[in-house]
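Structure file start_25.csv (CSV, C-alpha atoms) follows.
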chain,number,residue,atom,x,y,z
A,114,MET,CA,114.1,155.9,91.0
A,115,GLU,CA,113.5,159.4,89.5
A,116,LEU,CA,110.5,161.5,90.3
A,117,VAL,CA,108.1,162.5,87.5
A,118,GLY,CA,109.2,166.1,86.9
A,119,ASN,CA,105.8,167.7,86.4
A,120,HIS,CA,102.6,168.5,88.4
A,121,TRP,CA,102.3,164.9,89.5
A,122,ASP,CA,105.2,165.3,92.0
A,123,GLU,CA,103.3,167.9,93.9
A,124,ILE,CA,100.0,165.9,93.7
A,125,LEU,CA,101.8,162.7,94.9
A,126,ASP,CA,104.2,164.3,97.4
A,127,PHE,CA,102.3,162.8,100.4
A,128,GLU,CA,102.7,159.3,98.9
A,129,TYR,CA,106.4,159.8,98.2
A,130,HIS,CA,106.9,160.4,101.9
A,131,GLN,CA,105.0,157.3,103.1
A,132,GLU,CA,106.9,154.3,104.5
A,133,TYR,CA,105.3,151.9,101.9
A,134,PHE,CA,106.6,154.0,99.0
A,135,LYS,CA,110.1,154.2,100.5
A,136,ASN,CA,109.9,150.4,100.8
A,137,ILE,CA,109.0,150.1,97.1
A,138,VAL,CA,111.9,152.2,96.1
A,139,ALA,CA,114.4,150.2,98.2
A,140,PHE,CA,113.0,146.9,96.9
A,141,ILE,CA,113.1,147.8,93.2
A,142,ASN,CA,116.5,149.4,93.4
A,143,LYS,CA,117.8,146.1,94.7
A,144,GLU,CA,115.8,144.1,92.1
A,145,TYR,CA,117.1,146.2,89.2
A,146,LYS,CA,120.7,145.5,90.4
A,147,GLU,CA,120.2,141.8,90.8
A,148,LYS,CA,117.6,140.7,88.2
A,149,ILE,CA,116.1,141.6,84.8
A,150,ILE,CA,113.2,143.9,85.6
A,151,PHE,CA,110.8,145.7,83.2
A,152,PRO,CA,110.2,148.4,82.1
A,153,PRO,CA,113.6,150.1,82.0
A,154,LYS,CA,114.1,151.9,85.3
A,155,SER,CA,113.8,155.3,83.7
A,156,ARG,CA,110.4,154.4,82.3
A,157,ILE,CA,108.7,153.2,85.5
A,158,LEU,CA,106.6,156.4,85.8
A,159,ARG,CA,106.4,157.1,82.1
A,160,ALA,CA,102.6,157.2,82.0
A,161,LEU,CA,102.8,160.1,84.5
A,162,ASN,CA,105.7,161.7,82.6
A,163,LEU,CA,103.7,161.8,79.3
A,164,THR,CA,100.3,162.7,80.7
A,165,ASP,CA,100.5,165.4,83.3
A,166,TYR,CA,97.8,165.7,86.0
A,167,PRO,CA,96.0,168.8,84.5
A,168,ASP,CA,96.0,167.2,81.0
A,169,VAL,CA,94.3,163.9,81.9
A,170,LYS,CA,91.1,163.5,80.0
A,171,VAL,CA,90.9,159.6,79.9
A,172,VAL,CA,92.3,156.9,82.1
A,173,ILE,CA,92.8,153.3,80.7
A,174,LEU,CA,93.8,150.9,83.5
A,175,GLY,CA,96.0,147.9,83.0
A,176,GLN,CA,97.2,145.3,85.5
A,177,ASP,CA,101.0,145.0,85.2
A,178,PRO,CA,103.7,145.4,82.6
A,179,TYR,CA,104.5,142.9,79.9
A,180,HIS,CA,107.3,140.6,81.1
A,181,GLY,CA,109.0,139.7,77.8
A,182,ILE,CA,112.3,141.3,76.6
A,183,GLY,CA,111.8,144.7,75.1
A,184,GLU,CA,108.0,144.8,75.5
A,185,ALA,CA,107.1,147.0,78.5
A,186,ASN,CA,107.6,150.7,77.9
A,187,GLY,CA,105.8,152.2,80.9
A,188,LEU,CA,102.4,152.6,79.3
A,189,ALA,CA,99.6,150.1,79.9
A,190,PHE,CA,98.8,147.9,76.9
A,191,ALA,CA,101.6,149.5,74.9
A,192,VAL,CA,104.9,147.9,73.6
A,193,SER,CA,108.1,149.4,72.5
A,194,ASN,CA,108.7,150.1,68.8
A,195,GLY,CA,109.7,147.1,66.8
A,196,ILE,CA,108.0,144.6,69.1
A,197,LYS,CA,105.2,142.4,67.8
A,198,LEU,CA,101.8,143.6,69.0
A,199,PRO,CA,100.4,141.5,71.9
A,200,PRO,CA,97.0,139.9,71.3
A,201,SER,CA,95.2,142.3,73.7
A,202,LEU,CA,96.5,145.3,71.8
A,203,GLN,CA,95.6,143.7,68.5
A,204,ASN,CA,92.1,143.4,69.8
A,205,ILE,CA,92.0,147.0,71.0
A,206,TYR,CA,93.0,148.1,67.5
A,207,LYS,CA,90.3,145.8,65.9
A,208,GLU,CA,87.7,147.5,68.2
A,209,LEU,CA,89.1,150.9,67.3
A,210,GLN,CA,88.7,150.1,63.6
A,211,ASP,CA,85.1,148.8,64.1
A,212,ASP,CA,84.2,151.8,66.3
A,213,LEU,CA,85.8,154.7,64.5
A,214,LYS,CA,86.9,153.3,61.2
A,215,ILE,CA,90.6,154.0,62.1
A,216,PRO,CA,92.9,151.7,60.2
A,217,ILE,CA,94.7,149.0,62.3
A,218,SER,CA,98.2,150.3,63.1
A,219,ASN,CA,101.4,148.3,63.4
A,220,VAL,CA,102.8,150.8,65.9
A,221,GLY,CA,102.3,149.7,69.5
A,222,ASN,CA,104.0,152.4,71.7
A,223,LEU,CA,100.8,154.4,72.2
A,224,GLU,CA,102.8,157.5,73.0
A,225,CYS,CA,100.4,159.5,70.7
A,226,TRP,CA,97.5,158.6,73.0
A,227,ALA,CA,99.4,159.6,76.1
A,228,LYS,CA,100.1,163.0,74.5
A,229,GLU,CA,96.4,163.4,73.7
A,230,GLY,CA,95.5,163.2,77.4
A,231,VAL,CA,95.0,159.4,77.8
A,232,LEU,CA,96.7,158.2,81.0
A,233,LEU,CA,97.7,154.6,80.3
A,234,LEU,CA,98.2,153.4,83.9
A,235,ASN,CA,99.2,150.0,85.1
A,236,ALA,CA,98.2,149.2,88.7
A,237,VAL,CA,101.6,147.5,89.2
A,238,LEU,CA,104.5,149.4,87.6
A,239,THR,CA,107.3,146.8,87.4
A,240,VAL,CA,107.7,143.1,86.8
A,241,GLU,CA,110.5,140.5,86.7
A,242,LYS,CA,111.4,139.0,83.3
A,243,ASP,CA,109.2,136.1,82.4
A,244,LYS,CA,107.3,136.2,85.7
A,245,ALA,CA,103.9,137.8,85.3
A,246,ALA,CA,102.6,139.6,88.3
A,247,SER,CA,105.9,139.0,90.2
A,248,HIS,CA,105.7,142.5,91.8
A,249,LYS,CA,102.0,142.3,92.5
A,250,ASP,CA,102.3,142.7,96.3
A,251,ILE,CA,105.2,145.1,96.8
A,252,GLY,CA,103.0,148.1,97.3
A,253,TRP,CA,102.5,149.5,93.8
A,254,GLU,CA,98.7,149.0,94.0
A,255,LYS,CA,98.5,151.4,97.0
A,256,PHE,CA,100.4,154.0,95.0
A,257,THR,CA,98.3,153.7,91.8
A,258,ASP,CA,95.1,153.6,93.9
A,259,ALA,CA,96.2,157.0,95.3
A,260,ILE,CA,96.7,158.2,91.7
A,261,ILE,CA,93.1,157.1,90.8
A,262,GLN,CA,91.8,158.8,93.9
A,263,LYS,CA,93.6,162.1,93.1
A,264,LEU,CA,92.1,162.0,89.6
A,265,ASN,CA,88.7,161.3,91.1
A,266,GLU,CA,89.1,164.6,93.0
A,267,LYS,CA,89.4,166.6,89.7
A,268,ASP,CA,86.6,169.0,88.8
A,269,THR,CA,87.2,168.5,85.1
A,270,PRO,CA,85.3,165.4,83.9
A,271,ILE,CA,87.4,162.4,83.1
A,272,VAL,CA,86.5,159.1,81.3
A,273,PHE,CA,87.7,156.0,83.1
A,274,ILE,CA,87.9,153.0,80.8
A,275,LEU,CA,87.9,149.8,82.8
A,276,TRP,CA,88.6,146.6,80.9
A,277,GLY,CA,88.3,143.3,82.8
A,278,ASN,CA,87.5,142.4,86.4
A,279,PHE,CA,90.8,143.7,87.8
A,280,ALA,CA,90.3,147.2,86.3
A,281,ARG,CA,86.6,147.2,87.3
A,282,SER,CA,87.6,146.5,90.9
A,283,LYS,CA,88.9,150.1,91.0
A,284,LYS,CA,85.5,151.5,90.4
A,285,LYS,CA,85.1,152.0,94.2
A,286,TYR,CA,87.6,154.9,93.9
A,287,ILE,CA,85.7,156.7,91.2
A,288,THR,CA,82.9,158.4,93.2
A,289,ASN,CA,82.8,161.9,91.6
A,290,SER,CA,79.6,162.1,89.6
A,291,LYS,CA,81.3,164.4,87.0
A,292,HIS,CA,83.3,161.5,85.7
A,293,TYR,CA,82.2,158.8,83.3
A,294,ILE,CA,83.0,155.1,83.6
A,295,ILE,CA,83.1,152.8,80.6
A,296,GLU,CA,83.5,149.1,81.4
A,297,SER,CA,83.6,145.8,79.6
A,298,THR,CA,85.4,142.5,79.5
A,299,HIS,CA,89.2,142.6,78.9
A,300,PRO,CA,90.5,142.8,75.3
A,301,SER,CA,92.4,139.6,75.9
A,302,PRO,CA,91.6,136.8,73.4
A,303,PHE,CA,90.0,134.8,76.3
A,304,SER,CA,87.4,137.4,76.9
A,305,ALA,CA,87.2,139.9,74.0
A,306,HIS,CA,84.3,138.1,72.4
A,307,HIS,CA,82.3,138.3,75.6
A,308,GLY,CA,81.6,142.0,75.7
A,309,PHE,CA,84.8,143.9,74.6
A,310,PHE,CA,84.1,143.7,70.9
A,311,GLY,CA,81.2,146.0,70.1
A,312,SER,CA,81.5,148.0,73.3
A,313,LYS,CA,82.6,151.2,71.3
A,314,PRO,CA,84.7,152.7,74.1
A,315,PHE,CA,86.4,155.2,71.8
A,316,SER,CA,83.3,156.8,70.3
A,317,LYS,CA,81.6,156.8,73.7
A,318,THR,CA,84.7,158.6,75.2
A,319,ASN,CA,84.7,161.3,72.5
A,320,GLU,CA,80.9,161.8,72.8
A,321,PHE,CA,81.2,162.4,76.5
A,322,LEU,CA,84.2,164.8,76.1
A,323,LYS,CA,82.4,166.8,73.4
A,324,LYS,CA,79.3,167.0,75.5
A,325,ASN,CA,81.4,168.5,78.3
A,326,GLY,CA,83.2,171.0,76.1
A,327,ILE,CA,86.5,169.1,76.2
A,328,LYS,CA,88.6,168.5,73.0
A,329,GLU,CA,88.0,165.0,71.8
A,330,ILE,CA,90.8,162.4,71.6
A,331,ASP,CA,92.5,161.8,68.3
A,332,TRP,CA,92.6,158.0,68.5
A,333,LYS,CA,94.8,157.4,65.4
A,334,VAL,CA,97.9,155.5,66.2
A,335,TYR,CA,101.1,156.5,64.5
I'd like the structure from this file rewritten - as structure tokens, please.
Amino acid sequence: MELVGNHWDEILDFEYHQEYFKNIVAFINKEYKEKIIFPPKSRILRALNLTDYPDVKVVILGQDPYHGIGEANGLAFAVSNGIKLPPSLQNIYKELQDDLKIPISNVGNLECWAKEGVLLLNAVLTVEKDKAASHKDIGWEKFTDAIIQKLNEKDTPIVFILWGNFARSKKKYITNSKHYIIESTHPSPFSAHHGFFGSKPFSKTNEFLKKNGIKEIDWKVY
């Protein structure tokens, strides 16, 4: 597995040298040889590739990658080009339209958000084909918890968007009062009508950034 190739490598150097991380690398190297694993190996750390540590303005936390063919692309909630939008992403776009009057896009890769400073981080970074949460306990959570803790240490204010109980459980790592937490139910069809729709996370994020003298996110998807 390749390293990130930007400031994240220095920030996460301690984690890279831990036994648990070496075990993850050994495990997934074997898995990629023997099974169908998503996302493609070169995209495991893509969220960090596209949104360098100094550039993070917003964090959106997901749980684990999509497990269907061609879906996962290394960014939470996103899918590769040409793939049908999953229901959760469709609901995110509906809320975006309601909140900021941004037209619903048929593009699902969300690379434009990542380049705006939105870290789209899954807690688990790999998954076996057709087996949701199959890599849940191999150690990824320890690594991504460390990422959240490193972001918490930043002096620059960050917005943490936590959708659903799993993401909200990470609130314990966000202790720096400079940061802003936006939380609601998950955008999944099972829970979107119970607090996600109408929560206005996009306008709230931009209001907070503006108040702190930080350039707002252009949430248009293209």
Using only C-alpha atoms, which residue out of A:Asn219, A:Ser312, A:Thr318, A:Asn265 lies closest to A:Ser193?
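Smallest separation from A:Ser193 among the options: A:Asn219.
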Taking (88.1, 147.4, 80.4) in the file's coordinates, which residues come within 10 Å, counting all atoms listed in the file, written as a PyMOL selection string?
chain A and resi 173-175+273-281+294-301+305+308-309+312+314
For atom CA of A:Phe315 and atom CA of A:Trp226, quote the distance in Å rounded to one decimal.
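Computed distance, atom CA of A:Phe315 to atom CA of A:Trp226, equals 11.7 Å.
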Env of A:Glu208: 8 Å cut, atoms = only C-alpha atoms, seq-sep filter 6 positions within chain, self excluded. Answer as a PDB file with C-alpha atoms, keeping the file's coordinate frame.
ATOM      1  CA  PHE A 309      84.800 143.900  74.600  1.00  0.00           C
ATOM      2  CA  PHE A 310      84.100 143.700  70.900  1.00  0.00           C
ATOM      3  CA  GLY A 311      81.200 146.000  70.100  1.00  0.00           C
ATOM      4  CA  LYS A 313      82.600 151.200  71.300  1.00  0.00           C
TER       5      LYS A 313
END
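Close contacts of stretch 143-160 of chain A, defined as residues with an atom at most 7 Å away when counting only C-alpha atoms, with chain neighbours fewer than 4 positions off set aside, comprise A:Met114, A:Val117, A:Ala139, A:Thr164, A:His180, A:Ala185, A:Asn186, A:Gly187, A:Leu188, A:Leu232, A:Leu233, A:Leu234, A:Leu238, A:Thr239, A:Val240, A:Glu241, A:Lys242.
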Which value, in Å to one decimal, gives the distance between atom CA of A:Ile137 and atom CA of A:Lys267?
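These two atoms are separated by 26.7 Å.
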Missing atoms in stretch 114-126 of chain A: fill them in up to N, CA, C and O atoms and send the result as a tab-separated table (two decimals), in the coordinates of the input.
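Generated file (part31.tsv):
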chain	number	residue	atom	x	y	z
A	114	MET	N	115.15	155.67	91.89
A	114	MET	CA	114.10	155.90	91.00
A	114	MET	C	113.80	157.45	90.89
A	114	MET	O	113.67	158.11	91.91
A	115	GLU	N	113.75	157.98	89.68
A	115	GLU	CA	113.50	159.40	89.50
A	115	GLU	C	112.07	159.78	89.71
A	115	GLU	O	111.19	158.97	89.44
A	116	LEU	N	111.83	161.01	90.17
A	116	LEU	CA	110.50	161.50	90.30
A	116	LEU	C	109.97	161.85	88.85
A	116	LEU	O	110.69	161.75	87.88
A	117	VAL	N	108.72	162.30	88.77
A	117	VAL	CA	108.10	162.50	87.50
A	117	VAL	C	108.58	163.74	86.76
A	117	VAL	O	108.82	163.74	85.56
A	118	GLY	N	108.68	164.84	87.51
A	118	GLY	CA	109.20	166.10	86.90
A	118	GLY	C	108.09	166.96	86.36
A	118	GLY	O	108.34	167.79	85.49
A	119	ASN	N	106.84	166.80	86.84
A	119	ASN	CA	105.80	167.70	86.40
A	119	ASN	C	104.78	167.85	87.61
A	119	ASN	O	105.16	167.59	88.76
A	120	HIS	N	103.54	168.25	87.35
A	120	HIS	CA	102.60	168.50	88.40
A	120	HIS	C	102.34	167.26	89.32
A	120	HIS	O	101.95	167.38	90.48
A	121	TRP	N	102.54	166.09	88.76
A	121	TRP	CA	102.30	164.90	89.50
A	121	TRP	C	103.15	164.82	90.80
A	121	TRP	O	102.71	164.27	91.82
A	122	ASP	N	104.36	165.38	90.77
A	122	ASP	CA	105.20	165.30	92.00
A	122	ASP	C	104.58	166.04	93.15
A	122	ASP	O	104.64	165.55	94.28
A	123	GLU	N	103.95	167.16	92.88
A	123	GLU	CA	103.30	167.90	93.90
A	123	GLU	C	102.01	167.12	94.40
A	123	GLU	O	101.74	166.97	95.59
A	124	ILE	N	101.26	166.59	93.42
A	124	ILE	CA	100.00	165.90	93.70
A	124	ILE	C	100.32	164.62	94.57
A	124	ILE	O	99.55	164.25	95.47
A	125	LEU	N	101.45	163.97	94.28
A	125	LEU	CA	101.80	162.70	94.90
A	125	LEU	C	102.82	162.84	96.06
A	125	LEU	O	103.32	161.84	96.58
A	126	ASP	N	103.11	164.07	96.43
A	126	ASP	CA	104.20	164.30	97.40
A	126	ASP	C	103.90	163.54	98.73
A	126	ASP	O	104.82	162.97	99.33
